[in-house]
Structures are given as structure tokens and as C-alpha cells.
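A.B. asks: Here you go, target_21.txt (compact mmCIF, C-alpha atoms):
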```txt
# COMPACT_ATOMS: atom_id res chain seq x y z
CA MET A 1 0.00 0.00 0.00
CA LYS A 2 2.82 2.35 0.82
CA LYS A 3 4.47 1.73 -2.53
CA SER A 4 1.24 2.36 -4.41
CA ILE A 5 1.36 6.11 -3.81
CA PHE A 6 5.02 6.57 -4.67
CA LEU A 7 5.84 8.39 -7.86
CA PHE A 8 9.33 7.84 -9.18
CA LEU A 9 10.94 9.49 -12.19
CA SER A 10 13.80 6.97 -11.67
CA PHE A 11 17.48 7.78 -11.56
CA LEU A 12 17.91 7.96 -15.31
CA VAL A 13 18.98 10.49 -17.92
CA PHE A 14 16.07 12.44 -19.34
CA ILE A 15 16.17 13.47 -22.97
CA SER A 16 14.38 16.51 -24.38
CA CYS A 17 14.34 18.37 -27.69
CA GLY A 18 15.65 21.59 -26.26
CA GLN A 19 13.52 24.65 -25.64
CA LYS A 20 10.59 26.25 -27.31
CA ARG A 21 11.10 27.90 -30.66
CA GLY A 22 11.99 31.57 -30.38
CA SER A 23 13.59 31.30 -26.94
CA LYS A 24 16.99 32.92 -26.52
CA HIS A 25 18.08 30.60 -23.70
CA ILE A 26 20.77 27.97 -24.06
CA PRO A 27 18.92 24.82 -25.16
CA ILE A 28 18.82 22.04 -22.61
CA GLU A 29 19.07 18.59 -24.14
CA LYS A 30 19.18 16.34 -21.10
CA PHE A 31 19.21 16.19 -17.32
CA THR A 32 21.00 13.64 -15.19
CA ILE A 33 19.36 13.13 -11.80
CA GLU A 34 21.86 12.77 -8.96
CA LEU A 35 19.38 12.57 -6.09
CA GLN A 36 15.62 12.17 -5.98
CA LEU A 37 13.35 11.73 -2.98
CA PRO A 38 10.09 9.81 -3.45
CA THR A 39 6.77 11.62 -3.60
CA THR A 40 3.06 11.01 -3.68
CA PRO A 41 1.39 11.45 -7.10
CA VAL A 42 1.43 14.91 -8.68
CA LYS A 43 -1.77 16.81 -7.91
CA ASP A 44 -3.46 19.62 -9.84
CA GLN A 45 -4.47 22.84 -8.06
CA GLY A 46 -6.65 23.75 -11.05
CA THR A 47 -7.54 27.43 -11.33
CA SER A 48 -6.97 28.04 -7.63
CA SER A 49 -4.09 29.96 -6.05
CA PHE A 50 -3.53 27.33 -3.36
CA CYS A 51 -0.04 26.30 -4.50
CA TRP A 52 1.23 27.27 -1.02
CA ILE A 53 -0.99 24.55 0.45
CA TYR A 54 -0.13 21.95 -2.19
CA GLY A 55 3.62 22.54 -1.93
CA MET A 56 3.75 22.44 1.86
CA LEU A 57 1.60 19.32 2.14
CA ALA A 58 3.70 17.61 -0.56
CA THR A 59 6.78 18.35 1.55
CA ILE A 60 5.18 16.74 4.60
CA GLU A 61 4.15 13.72 2.51
CA THR A 62 7.69 13.11 1.26
CA GLU A 63 9.04 13.51 4.77
CA HIS A 64 6.81 10.66 5.88
CA ILE A 65 7.67 8.45 2.92
CA MET A 66 11.34 8.82 3.88
CA ARG A 67 10.43 7.55 7.35
CA GLY A 68 8.81 4.45 5.87
CA ASP A 69 5.30 5.82 6.35
CA SER A 70 2.74 6.93 3.78
CA VAL A 71 0.29 9.80 3.99
CA ASN A 72 -1.51 11.49 1.12
CA LEU A 73 -2.94 14.74 2.46
CA SER A 74 -5.93 16.78 1.35
CA PRO A 75 -5.19 20.32 0.11
CA ASP A 76 -8.93 20.92 -0.24
CA TYR A 77 -9.47 20.35 3.48
CA VAL A 78 -6.90 23.03 4.36
CA ALA A 79 -8.28 25.34 1.65
CA ARG A 80 -11.77 24.94 3.08
CA MET A 81 -10.59 25.85 6.58
CA TYR A 82 -8.87 28.97 5.22
CA LEU A 83 -11.92 30.12 3.27
CA SER A 84 -14.25 29.36 6.18
CA GLU A 85 -12.05 31.33 8.57
CA GLN A 86 -12.14 34.36 6.28
CA ALA A 87 -15.91 34.14 5.76
CA ASN A 88 -16.55 33.86 9.50
CA ARG A 89 -14.31 36.84 10.16
CA ARG A 90 -16.28 38.92 7.64
CA ARG A 91 -19.52 38.16 9.46
CA LEU A 92 -18.07 39.75 12.60
CA LEU A 93 -17.35 43.06 10.87
CA PRO A 94 -19.14 45.97 12.61
CA ASN A 95 -20.32 47.39 9.29
CA LYS A 96 -22.24 45.71 6.49
CA VAL A 97 -20.12 43.94 3.90
CA THR A 98 -19.80 46.14 0.81
CA ARG A 99 -17.79 46.12 -2.40
CA ARG A 100 -15.03 47.94 -0.49
CA THR A 101 -14.66 45.10 1.98
CA PRO A 102 -11.52 43.06 1.13
CA ALA A 103 -12.51 40.06 -0.92
CA ILE A 104 -11.99 36.51 0.29
CA THR A 105 -8.64 35.40 -1.04
CA MET A 106 -6.93 32.15 -1.97
CA ARG A 107 -3.48 33.72 -1.69
CA GLY A 108 -1.05 32.86 1.07
CA MET A 109 2.46 31.68 1.95
CA CYS A 110 3.65 28.18 2.83
CA PRO A 111 4.16 28.80 6.61
CA MET A 112 0.46 29.67 6.73
CA THR A 113 -0.31 26.05 5.82
CA LEU A 114 1.52 24.89 8.94
CA GLU A 115 -0.44 27.32 11.09
CA LEU A 116 -3.76 26.31 9.55
CA ILE A 117 -3.23 22.59 10.07
CA GLN A 118 -2.13 23.15 13.66
CA THR A 119 -5.40 25.03 14.19
CA TYR A 120 -7.91 23.00 12.17
CA GLY A 121 -6.25 19.64 11.57
CA LEU A 122 -5.80 17.56 8.42
CA GLN A 123 -7.74 15.07 6.35
CA HIS A 124 -6.56 12.26 4.06
CA TYR A 125 -6.73 12.99 0.33
CA ASP A 126 -8.87 9.93 -0.48
CA ALA A 127 -11.45 11.01 2.08
CA TYR A 128 -11.77 14.64 1.04
CA HIS A 129 -11.07 16.22 -2.32
CA ARG A 130 -13.07 18.36 -4.70
CA ASN A 131 -14.47 17.46 -8.08
CA PRO A 132 -11.74 18.28 -10.66
CA ASP A 133 -14.16 20.61 -12.48
CA MET A 134 -14.90 22.69 -9.40
CA ASP A 135 -13.78 26.32 -9.77
CA TYR A 136 -12.51 27.93 -6.57
CA ASN A 137 -12.81 31.38 -8.15
CA VAL A 138 -16.58 30.94 -8.46
CA LEU A 139 -16.78 29.67 -4.88
CA CYS A 140 -14.84 32.67 -3.54
CA ARG A 141 -17.14 35.12 -5.33
CA LYS A 142 -20.18 33.42 -3.80
CA LEU A 143 -18.57 33.43 -0.35
CA ASP A 144 -17.92 37.16 -0.63
CA TYR A 145 -21.64 37.88 -0.29
CA GLY A 146 -23.09 34.53 0.75
CA ARG A 147 -24.52 34.01 4.20
CA ASN A 148 -24.60 30.23 4.34
CA THR A 149 -20.85 29.71 4.32
CA GLU A 150 -20.76 26.07 5.36
CA LYS A 151 -23.54 25.09 2.96
CA LEU A 152 -21.66 26.72 0.10
CA LEU A 153 -18.46 24.94 1.07
CA ASP A 154 -20.32 21.63 1.33
CA LYS A 155 -21.88 22.15 -2.08
CA TYR A 156 -18.70 23.11 -3.92
CA ILE A 157 -16.00 21.12 -2.15
CA GLY A 158 -17.92 18.41 -0.32
CA SER A 159 -19.26 17.61 3.14
CA LEU A 160 -16.60 17.24 5.82
CA PRO A 161 -15.88 13.80 7.30
CA ASN A 162 -15.99 13.81 11.09
CA GLN A 163 -12.97 11.57 11.49
CA VAL A 164 -9.81 10.47 9.71
CA PHE A 165 -9.42 6.74 9.08
CA MET A 166 -5.84 5.54 8.57
CA PHE A 167 -4.56 1.95 8.70
CA GLY A 168 -7.43 0.79 10.89
CA ALA A 169 -7.13 3.71 13.32
CA LYS A 170 -9.52 6.63 13.84
CA TYR A 171 -8.36 10.20 14.41
CA LEU A 172 -9.95 13.57 14.81
CA PRO A 173 -8.51 15.97 12.18
CA LEU A 174 -6.37 17.75 14.78
CA GLU A 175 -5.13 14.43 16.19
CA PHE A 176 -4.19 13.43 12.67
CA THR A 177 -2.15 16.63 12.26
CA HIS A 178 -0.25 15.93 15.48
CA SER A 179 0.56 12.45 14.21
CA VAL A 180 2.15 13.76 11.00
CA CYS A 181 3.52 17.21 11.84
CA THR A 182 4.50 18.95 15.08
CA ASP A 183 4.35 22.71 15.44
CA ASP A 184 8.15 23.03 15.71
CA GLU A 185 9.14 20.53 13.03
CA TYR A 186 9.87 23.04 10.26
CA VAL A 187 11.73 26.33 9.97
CA ALA A 188 11.12 29.08 7.39
CA LEU A 189 14.23 30.74 5.93
CA THR A 190 14.73 33.75 3.70
CA SER A 191 17.68 35.86 2.58
CA PHE A 192 17.45 39.61 2.11
CA THR A 193 19.74 42.47 3.11
CA HIS A 194 17.13 44.96 4.35
CA HIS A 195 17.01 43.07 7.68
CA PRO A 196 19.92 41.78 9.80
CA TYR A 197 21.03 38.21 9.29
CA GLY A 198 20.30 35.86 12.15
CA GLN A 199 17.01 37.52 13.04
CA ARG A 200 13.40 36.64 12.24
CA PHE A 201 11.08 39.10 10.52
CA PRO A 202 7.71 39.04 8.74
CA LEU A 203 8.29 39.28 5.00
CA GLU A 204 6.71 42.45 3.64
CA LEU A 205 4.54 40.78 1.03
CA PRO A 206 0.79 41.11 0.34
CA ASP A 207 0.35 37.32 0.55
CA ASN A 208 1.76 37.13 4.09
CA TYR A 209 -1.70 37.43 5.63
CA PHE A 210 -0.71 35.74 8.90
CA HIS A 211 2.41 37.91 9.26
CA SER A 212 4.53 34.77 9.33
CA THR A 213 8.14 35.34 10.34
CA PHE A 214 11.20 34.01 8.53
CA LEU A 215 14.75 33.52 9.75
CA ASN A 216 17.01 35.76 7.66
CA VAL A 217 20.29 34.09 6.64
CA PRO A 218 23.05 34.87 4.10
CA LEU A 219 22.33 33.71 0.55
CA ASP A 220 25.04 31.04 0.54
CA THR A 221 23.76 29.73 3.87
CA MET A 222 20.24 29.39 2.52
CA MET A 223 21.47 27.55 -0.59
CA ASN A 224 23.68 25.25 1.49
CA ARG A 225 20.77 24.44 3.79
CA ILE A 226 18.65 23.42 0.80
CA VAL A 227 21.33 21.07 -0.52
CA GLN A 228 22.14 19.67 2.93
CA SER A 229 18.47 19.02 3.60
CA LEU A 230 18.05 17.10 0.35
CA ARG A 231 21.22 15.07 0.87
CA SER A 232 19.99 14.21 4.37
CA GLY A 233 16.77 12.82 2.93
CA HIS A 234 14.52 15.79 3.74
CA PRO A 235 12.48 17.67 1.08
CA VAL A 236 12.27 21.46 0.91
CA CYS A 237 9.22 23.65 0.28
CA TRP A 238 10.21 26.42 -2.17
CA GLU A 239 8.40 29.73 -2.58
CA GLY A 240 9.52 32.06 -5.31
CA ASP A 241 9.06 33.97 -8.53
CA ILE A 242 8.02 32.29 -11.80
CA SER A 243 7.51 35.42 -13.91
CA GLU A 244 10.84 35.02 -15.70
CA PRO A 245 10.60 34.21 -19.44
CA GLY A 246 12.91 31.28 -18.74
CA PHE A 247 10.33 29.55 -16.54
CA LEU A 248 8.98 27.01 -19.02
CA PHE A 249 6.54 24.58 -17.45
CA GLY A 250 5.86 22.74 -20.70
CA GLU A 251 9.56 22.16 -21.26
CA GLY A 252 9.99 21.25 -17.61
CA TYR A 253 12.75 23.64 -16.57
CA ALA A 254 13.50 27.20 -15.48
CA VAL A 255 16.64 29.26 -16.15
CA LEU A 256 17.55 32.93 -15.86
CA LYS A 257 17.87 35.13 -18.91
CA ASN A 258 21.60 35.40 -18.24
CA GLU A 259 22.71 32.22 -16.49
CA LYS A 260 26.37 33.25 -16.59
CA LYS A 261 25.90 36.42 -14.56
CA LYS A 262 26.75 35.94 -10.88
CA VAL A 263 23.80 36.13 -8.50
CA THR A 264 24.83 38.19 -5.46
CA ALA A 265 22.85 39.20 -2.39
CA GLU A 266 22.85 42.78 -3.70
CA ARG A 267 21.47 41.75 -7.07
CA ARG A 268 18.78 39.66 -5.35
CA GLN A 269 17.80 42.56 -3.11
CA ALA A 270 17.54 44.98 -6.03
CA SER A 271 15.24 42.59 -7.87
CA PHE A 272 13.07 42.16 -4.78
CA GLU A 273 12.78 45.90 -4.14
CA ALA A 274 11.92 46.55 -7.80
CA TYR A 275 9.12 43.93 -7.58
CA ARG A 276 10.83 41.78 -10.21
CA THR A 277 11.06 38.99 -7.64
CA THR A 278 7.72 38.24 -6.02
CA ASP A 279 6.00 35.31 -4.30
CA ASP A 280 4.31 33.87 -7.38
CA HIS A 281 4.36 30.15 -6.71
CA VAL A 282 5.23 27.30 -4.33
CA MET A 283 6.70 23.89 -5.21
CA GLU A 284 8.37 21.01 -3.38
CA ILE A 285 12.10 20.51 -4.03
CA VAL A 286 12.82 16.78 -4.07
CA GLY A 287 16.16 16.33 -5.76
CA LEU A 288 19.39 17.44 -7.40
CA ALA A 289 20.44 17.11 -11.03
CA HIS A 290 22.78 18.58 -13.64
CA ASP A 291 22.44 19.31 -17.34
CA GLN A 292 24.82 18.44 -20.15
CA TYR A 293 26.83 21.59 -19.37
CA GLY A 294 27.40 20.52 -15.76
CA ARG A 295 25.11 23.18 -14.31
CA ARG A 296 23.29 22.20 -11.10
CA PHE A 297 19.49 22.04 -11.14
CA PHE A 298 16.95 21.39 -8.40
CA LEU A 299 14.21 18.87 -9.15
CA CYS A 300 10.79 20.13 -8.08
CA LYS A 301 7.35 18.59 -7.81
CA ASN A 302 4.79 21.07 -9.14
CA SER A 303 1.01 21.14 -8.60
CA TRP A 304 -0.20 21.89 -12.13
CA GLY A 305 -0.99 18.33 -13.12
CA THR A 306 1.18 16.03 -15.20
CA ALA A 307 0.93 17.68 -18.62
CA ASN A 308 4.56 18.61 -19.19
CA ARG A 309 7.72 16.88 -20.38
CA TYR A 310 8.48 15.37 -16.97
CA GLY A 311 5.03 14.40 -15.75
CA GLY A 312 4.50 17.54 -13.68
CA PHE A 313 8.06 17.81 -12.33
CA MET A 314 10.42 20.67 -13.15
CA PHE A 315 14.15 21.41 -13.06
CA LEU A 316 15.14 24.84 -11.66
CA SER A 317 18.69 26.00 -12.27
CA GLU A 318 20.83 26.81 -9.25
CA ASN A 319 21.08 30.44 -10.35
CA TYR A 320 17.30 30.60 -10.76
CA VAL A 321 16.85 29.41 -7.20
CA ARG A 322 19.54 31.80 -5.91
CA MET A 323 17.90 34.76 -7.63
CA LYS A 324 14.19 34.00 -7.47
CA THR A 325 13.66 32.37 -4.08
CA ILE A 326 11.44 34.32 -1.71
CA ALA A 327 11.63 31.74 1.08
CA VAL A 328 12.06 28.06 1.84
CA VAL A 329 10.55 25.88 4.55
CA LEU A 330 12.56 22.86 5.62
CA ARG A 331 12.93 20.48 8.48
CA ALA A 332 14.47 22.13 11.54
CA ILE A 333 17.91 20.83 12.49
```
Would you mind writing the file's structure down as C-alpha cells?
C.D. replies:
Amino acid sequence: MKKSIFLFLSFLVFISCGQKRGSKHIPIEKFTIELQLPTTPVKDQGTSSFCWIYGMLATIETEHIMRGDSVNLSPDYVARMYLSEQANRRRLLPNKVTRRTPAITMRGMCPMTLELIQTYGLQHYDAYHRNPDMDYNVLCRKLDYGRNTEKLLDKYIGSLPNQVFMFGAKYLPLEFTHSVCTDDEYVALTSFTHHPYGQRFPLELPDNYFHSTFLNVPLDTMMNRIVQSLRSGHPVCWEGDISEPGFLFGEGYAVLKNEKKKVTAERRQASFEAYRTTDDHVMEIVGLAHDQYGRRFFLCKNSWGTANRYGGFMFLSENYVRMKTIAVVLRAI
């Protein structure tokens, strides 16, 4: 049963036909995987913006597979809790909800997933997931002005199970969370120069709705922690920018426009302050690879389904990760 949910790309050389026509990037013909951690099957977030839930839960899933366990967690359960919390908060507003009232959002950051599951619990994927055709954007618009929040959530996502059933055992959702993830198991890191290194601070980003704090470390330290975590058998949840023209999901890789230019902390900071590096997307880093030029790449599990060259996985160049990372969440040492 445990093996049935594993998804392996296998430790082989992947061959591709290079990049899309018209691209000015150096064509990539093949990747050689050096290290790959096992994962549950690739999921599809659809039209939602819940990548920060999908990526963080995928990280927890791989962590358990590496322990010889198997859990396949429900992003829709966490998404429901987040939407319900927002809708309930709106009902407590002293004034009537109007068009000026902030809309219910699907946006967030990966540490928020950890806080949500420690508050509301978790559910197994097989027990709770939406119909693939369900559109979260439609649901959010209805929640903005709807009064029957729970009925709307039941209708669009599905009625909530009261318990979690796993391997013959019964759990309450919060008990299930405590069995798979403790509140101090992960640490969130970032690397920017507008705050002192070695201190925690809330990243100044619109999606940081819970004002989550991140430990600020030097760029090389953050990169070394990612590699060390992977080599130690622990996945990494990556949050970063995917607006670069070299981010090619269909081709299955991401590179910077100028891969040869050195990525320094100062260059990173300038890009962040100019809003050229933003928190666009979250993925799970599960491995290390190199291309035919010897450049290091990080193997990532995405949440956009399997319709790309590598079945939903992507290779991000080391320079792309150095330049475009907003934050990472990894297992605390």
C-alpha cells in the first residue's frame, strides 16, 4: 500500500528536444538526476491559487515516505478551513459587507499552511477532495456575499468527514495533524539584506496574511541548507518567482535570462525591491540534477498536473533558485 502512492521518475537520464522555438536561452538537451526523494502522485491545483498549500503538504508527505510511512494529504481540506475562517471573520465586521470590503482570497504563503493545520487539523486525500471541475474562483465570489458559508463549502467542495481513518485507526482531524507534523518541526528561511542576518522578521509581502516570520540568513547559507536538507533525505518547500521568461513549465525547466551572470545578495535585493522577484508560486524541491553543461538544477514537484515533459516535475537551475527564491521551509535541524 505504501508503494502504491510513490511516484518515481527513476534515476535515469532524461532526454528533451531543447527549448521552445523563439527562446533565446541555451537549449537544454538532457538532465541527469543525482538525487531524488520519493513523492506522492502529482496533484493539480486547477484554477486556484492554493499552491502554497499543495507545496507544503507535498513536503510533509515526502518527509513521511522517507520515514517508511505513507500519507496522502488533502489540500482541499486546508483550503476549506482557510476560506471558512475568512468568511466567518467577515460576518463579525461591525459594518455591512460592501464592495469595499476586502474580498476573500486564496493567496497565502507556505508557513500559513503549517499554522492552519495546527489550528484545524488535516484530512486524508482519499477522504476529502473536490471534483476536478470545481472552480474555486466561483466559490470565492459566492462566499464574498453569501450568508450560508458552510452550505456553500459543502456544495462546492464536499461535506466534511468527522474523522480520519488511517490503517485501521480513527483520528480527529487535529489528532491526525499531530501524528504527521508537530508545530516546531519546520523552519522558514529567507535571505534579504534589508534586515539583519540571524534575526526573524515578517516578509513584507501582500500574501503574508498571517504575518509569518522568517529567519534571515546569508544567501550562501540558505542555498547550502537546501542542498544539505536534500542530501539528508529531507524535502524542501520552495516559494519564489516564476515570472521570468525562462520559466517554461511545458519544457519542464527554469533558467535565468543570463545564467552566466553571478547572482549576489545585492542583485537579489535589487530585484526584490523593484518587484521583479515576487511570491508567485510554491513547489516542493525533491532532488538534485545537472544538465549536459554541468550546471546544477533542483528537481521540483509542481502542482499543475502532469501535462509537461516530466510528468509535472520541473528542473530549476541553481542560479534561478539563488535569484528568485522568496523563502524556503525545511525540516528544523
A.B. asks: In Å, rounded to a single decimal, give me how far atom CA of A:Lys257 is from atom CA of A:Lys43.
C.D. replies: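 Separation between atom CA of A:Lys43 and atom CA of A:Lys257: 29.0 Å.
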A.B. asks: Find the spatial neighbours of A:Tyr209, counting only C-alpha atoms, within a cut-off of 9 Å - ignore same-chain residues fewer than 4 positions away - and output them as a PyMOL selection string.
C.D. replies: chain A and resi 107-109+112+205
A.B. asks: Would you kindly return, as an MDAnalysis selection string, each protein, DNA or RNA residue with an atom no farther than 8 Å from any atom of stretch 235-239 of chain A, considering only C-alpha atoms and excluding same-chain residues fewer than 3 positions away?
C.D. replies: chainID A and resid 37 52 55:56 59 62:63 109:110 226 229:230 279:287 325:331
A.B. asks: Give me the residues near A:Tyr120 as a list in words, where near means some atom within 9 Å (using all atoms listed in the file) and where sequence neighbours in that chain fewer than 3 positions away do not count.
C.D. replies: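 That gives Val78, Met81, Glu115, Leu116, Ile117, Pro173, Leu174 and Thr177 of chain A.
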A.B. asks: Given the choices A:Thr113, A:Ser84, A:Gln123, A:Gln199, which gets closest to A:Gly146 if the distance is worked out from only C-alpha atoms?
C.D. replies: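 Result for the nearest residue to A:Gly146: A:Ser84.
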A.B. asks: How far is it from atom CA of A:Met222 to atom CA of A:Tyr197, in Å with one decimal?
C.D. replies: 11.1 Å
A.B. asks: Between atom CA of A:Asn258 and atom CA of A:Gly246, what is the distance in Å, rounded to a tenth?
C.D. replies: 9.6 Å
A.B. asks: Closest to A:Asn208 among A:Asp144, A:Leu189, A:Pro111, A:Val71, using only C-alpha atoms?
C.D. replies: A:Pro111
A.B. asks: For a quick check of understanding, using all atoms listed in the file, which of A:His195, A:Asp135, A:Glu273, A:Thr149 has the smallest distance to A:Arg90?
C.D. replies: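 Comparing A:His195, A:Asp135, A:Glu273, A:Thr149 against A:Arg90, the winner is A:Thr149.
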A.B. asks: Pick from A:Asp207, A:Asp133, A:Glu318, A:Glu266: nearest to A:Met106, with all atoms listed in the file counted?
C.D. replies: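 The answer is A:Asp207, which sits nearest to A:Met106.
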A.B. asks: Residues within 9 Å of A:Cys181, please, as a list of chain:residue names. Count all atoms listed in the file; anything in the same chain fewer than 5 positions from it doesn't count.
C.D. replies: A:Ile60, A:Leu114, A:Ile117, A:Gln118, A:Phe176, A:Tyr186
A.B. asks: Measuring atom to atom with only C-alpha atoms, identify which of A:Phe210, A:Tyr54, A:Phe201, A:Tyr253 is nearest to A:Ser303.
C.D. replies: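 For A:Ser303, the nearest of the given residues is A:Tyr54.
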